[in-house]
Every structure is written in structure tokens, then in C-alpha cells.
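Visitor: Sharing a structure with you now.
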Amino acid sequence: MDAGLAAVLGATVGAVGTAAAGATAAFLSRSTTRHQVRIETLRALRESRRATYTSYAKTVDHYLDKLATTLIPLGRVERFPEQREAWTENAHKRWKEALKYRQGDVDTQRVLLQLDATPPVAEAAEQLAKWCVLLSRSACRAIETLKGHDLDGGPLTPPSPGYAQLLMADGFNPETPDLELLSTRARSAYHAFLDAAAADLGESGILA
């Protein structure tokens, strides 16, 4: 092999080696970039879910507190029957405040939760919503019974079949459900939601 040919072959091999090294480096760089993008995407998704779960939890916590304050005057009707009308009106006022909050803040947060929640968290939220509805409607029913008419001024009617079936399925009397026990069940469902949300995020808790 003469010197000229050797030089050409050497240059060719060098060029191929350089190209291969460059291609390998480019591939590794793209792979690293894709991995970083994936990590950032998952992190952003996790943070978005965490913010949604936390906001929903805080909103429902406040709603349950509002419903709990409705039960206070209802309990005092039995202790102070001579003040029945005043305590009934107090309960009605607090119940309406809770209803307004649910129709505004809670319903808004529920829609946002549906967009972000994974199936286990969505299921826990559905159970929580069920107990909140049962507690609210039962408190409403108790107020109507004390007033002797529904809250729109019409005559009292039997509990709706769906509402009655849900209560009976969980061992409650649909005519006179235990409001304190319903409140306890709603709180238990709330804590179950917190547990499901924390498990989904891989954390020990979502509320600081």
C-alpha cells in the first residue's frame, strides 16, 4: 500500500469514527433530554394534582364545619323546647349558608377535581360527596319537620325514594336519621379521601 492510499484510508476511518462518535453523543443527548422532559412532566402533573386535592379537601372541610354548625341549634330544640321557633330559624339560617357555600365553592372545586383525579381519588371523592349530601338533606328534613312544612312553604312530603334507599342501605331511618352519626360518617369519608389523595401522591398527607 503506497503512502497516498494509506493516508486516504486513514482519513476515511478517522472520519467514520468521528461521525459515529458524534451520532452516539447526539443520541445520548436526545435520550437524556427526553428523560428530563418526562421527569418534569410527571413532576408538573403531580404538583397539579396535589394542588387540586388540597384545595378540594380544604373546601369540603369548611363545608362540613358549616353543616356541623347547623346541627347545634337543632340539638338545642330538644333541650329548650320553649325556644323551639328561635332555634329552628337559627338552624335554617345556618343550613342556607352551608347550601350557598356548597353550590358555589364546593361545586367549583368538585369540577376541578374531576379533571385531575385518578380513579381511586375520584371514587373516594364520590363517597365523600354522598355523605355530605345525606347529611345536608337530613338536616334540611329535620328543619322542615320542626317547621311543619318544606322550606319553600309547601306541605311536607315523604323522603324521595333514592334518598331513603341510600340511608336505609347504611342502617339509617330515612324519616329520622341520626344527624350526629351522619356527621361522623361524613367526617370519616373526608379522612378516607385524604388518605386516597396522599397515597396517589406517594405522601404521608396532603394537608400541612
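Identifiers in this document derive from the order of the C-alpha cells: chains are assigned A, B, ..., residues are numbered from 1 separately in each chain, and ligands are numbered from 1 in order of occurrence.
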Can you pull out every residue within 10 Å of Glu180 (chain A), counting only C-alpha atoms, but drop anything in the same chain fewer than 2 positions away, and send it as a VMD selection string?
Guide: chain A and resid 68 71 to 72 75 135 177 to 178 182 to 186
Visitor: Using N, CA and C atoms, can you export the residues from the last selection as a compact mmCIF listing (two decimals), in the first residue's frame?
Guide:
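Result file out-v2.txt:
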# COMPACT_ATOMS: atom_id res chain seq x y z
N ALA A 68 -71.96 21.23 60.38
CA ALA A 68 -71.91 20.90 61.80
C ALA A 68 -72.54 22.01 62.64
N LEU A 71 -76.22 21.69 63.02
CA LEU A 71 -76.73 20.69 63.97
C LEU A 71 -76.82 21.23 65.39
N ILE A 72 -76.03 22.26 65.70
CA ILE A 72 -76.02 22.80 67.07
C ILE A 72 -77.40 23.32 67.48
N GLY A 75 -79.98 20.56 67.91
CA GLY A 75 -79.86 19.83 69.17
C GLY A 75 -80.44 20.60 70.34
N LEU A 135 -76.07 14.14 54.75
CA LEU A 135 -76.09 14.97 55.96
C LEU A 135 -76.87 16.26 55.72
N PRO A 177 -83.20 10.22 60.63
CA PRO A 177 -81.82 9.74 60.71
C PRO A 177 -81.04 10.43 61.82
N ASP A 178 -80.10 9.72 62.38
CA ASP A 178 -79.25 10.26 63.44
C ASP A 178 -78.27 11.26 62.81
N LEU A 182 -74.53 10.73 61.14
CA LEU A 182 -74.30 11.10 59.75
C LEU A 182 -73.10 12.04 59.62
N SER A 183 -73.00 12.97 60.56
CA SER A 183 -71.86 13.89 60.56
C SER A 183 -70.55 13.14 60.76
N THR A 184 -70.58 12.14 61.64
CA THR A 184 -69.38 11.33 61.88
C THR A 184 -69.01 10.54 60.63
N ARG A 185 -70.01 9.98 59.95
CA ARG A 185 -69.75 9.23 58.72
C ARG A 185 -69.17 10.14 57.64
N ALA A 186 -69.69 11.35 57.56
CA ALA A 186 -69.18 12.29 56.57
C ALA A 186 -67.72 12.64 56.85
Visitor: Skip region 97-106 of chain A itself and residues of its chain fewer than 2 positions away, then list as a ChimeraX atom specification all residues within 12 Å of it, counting only C-alpha atoms.
Guide: /A:55-71,90-95,108-113,125,128-129,132-133,135-137,139-140
Visitor: Using Å and a single decimal, report how far CA of Pro81 (chain A) sits from CA of Met168 (chain A).
Guide: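 Separation between CA of Met168 (chain A) and CA of Pro81 (chain A): 29.1 Å.
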Visitor: Have a look at CA of Lys147 (chain A) and CA of Thr88 (chain A) and let me know their distance in Å, one decimal.
Guide: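 The value is 7.4 Å.
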Visitor: I'd like the neighbourhood of region 160-165 of chain A as a PyMOL selection string, where a residue qualifies if any of its atoms comes within 9 Å (using only C-alpha atoms), though same-chain residues fewer than 3 positions away should be ignored.
Guide: chain A and resi 134+137+157+168-170+172-175
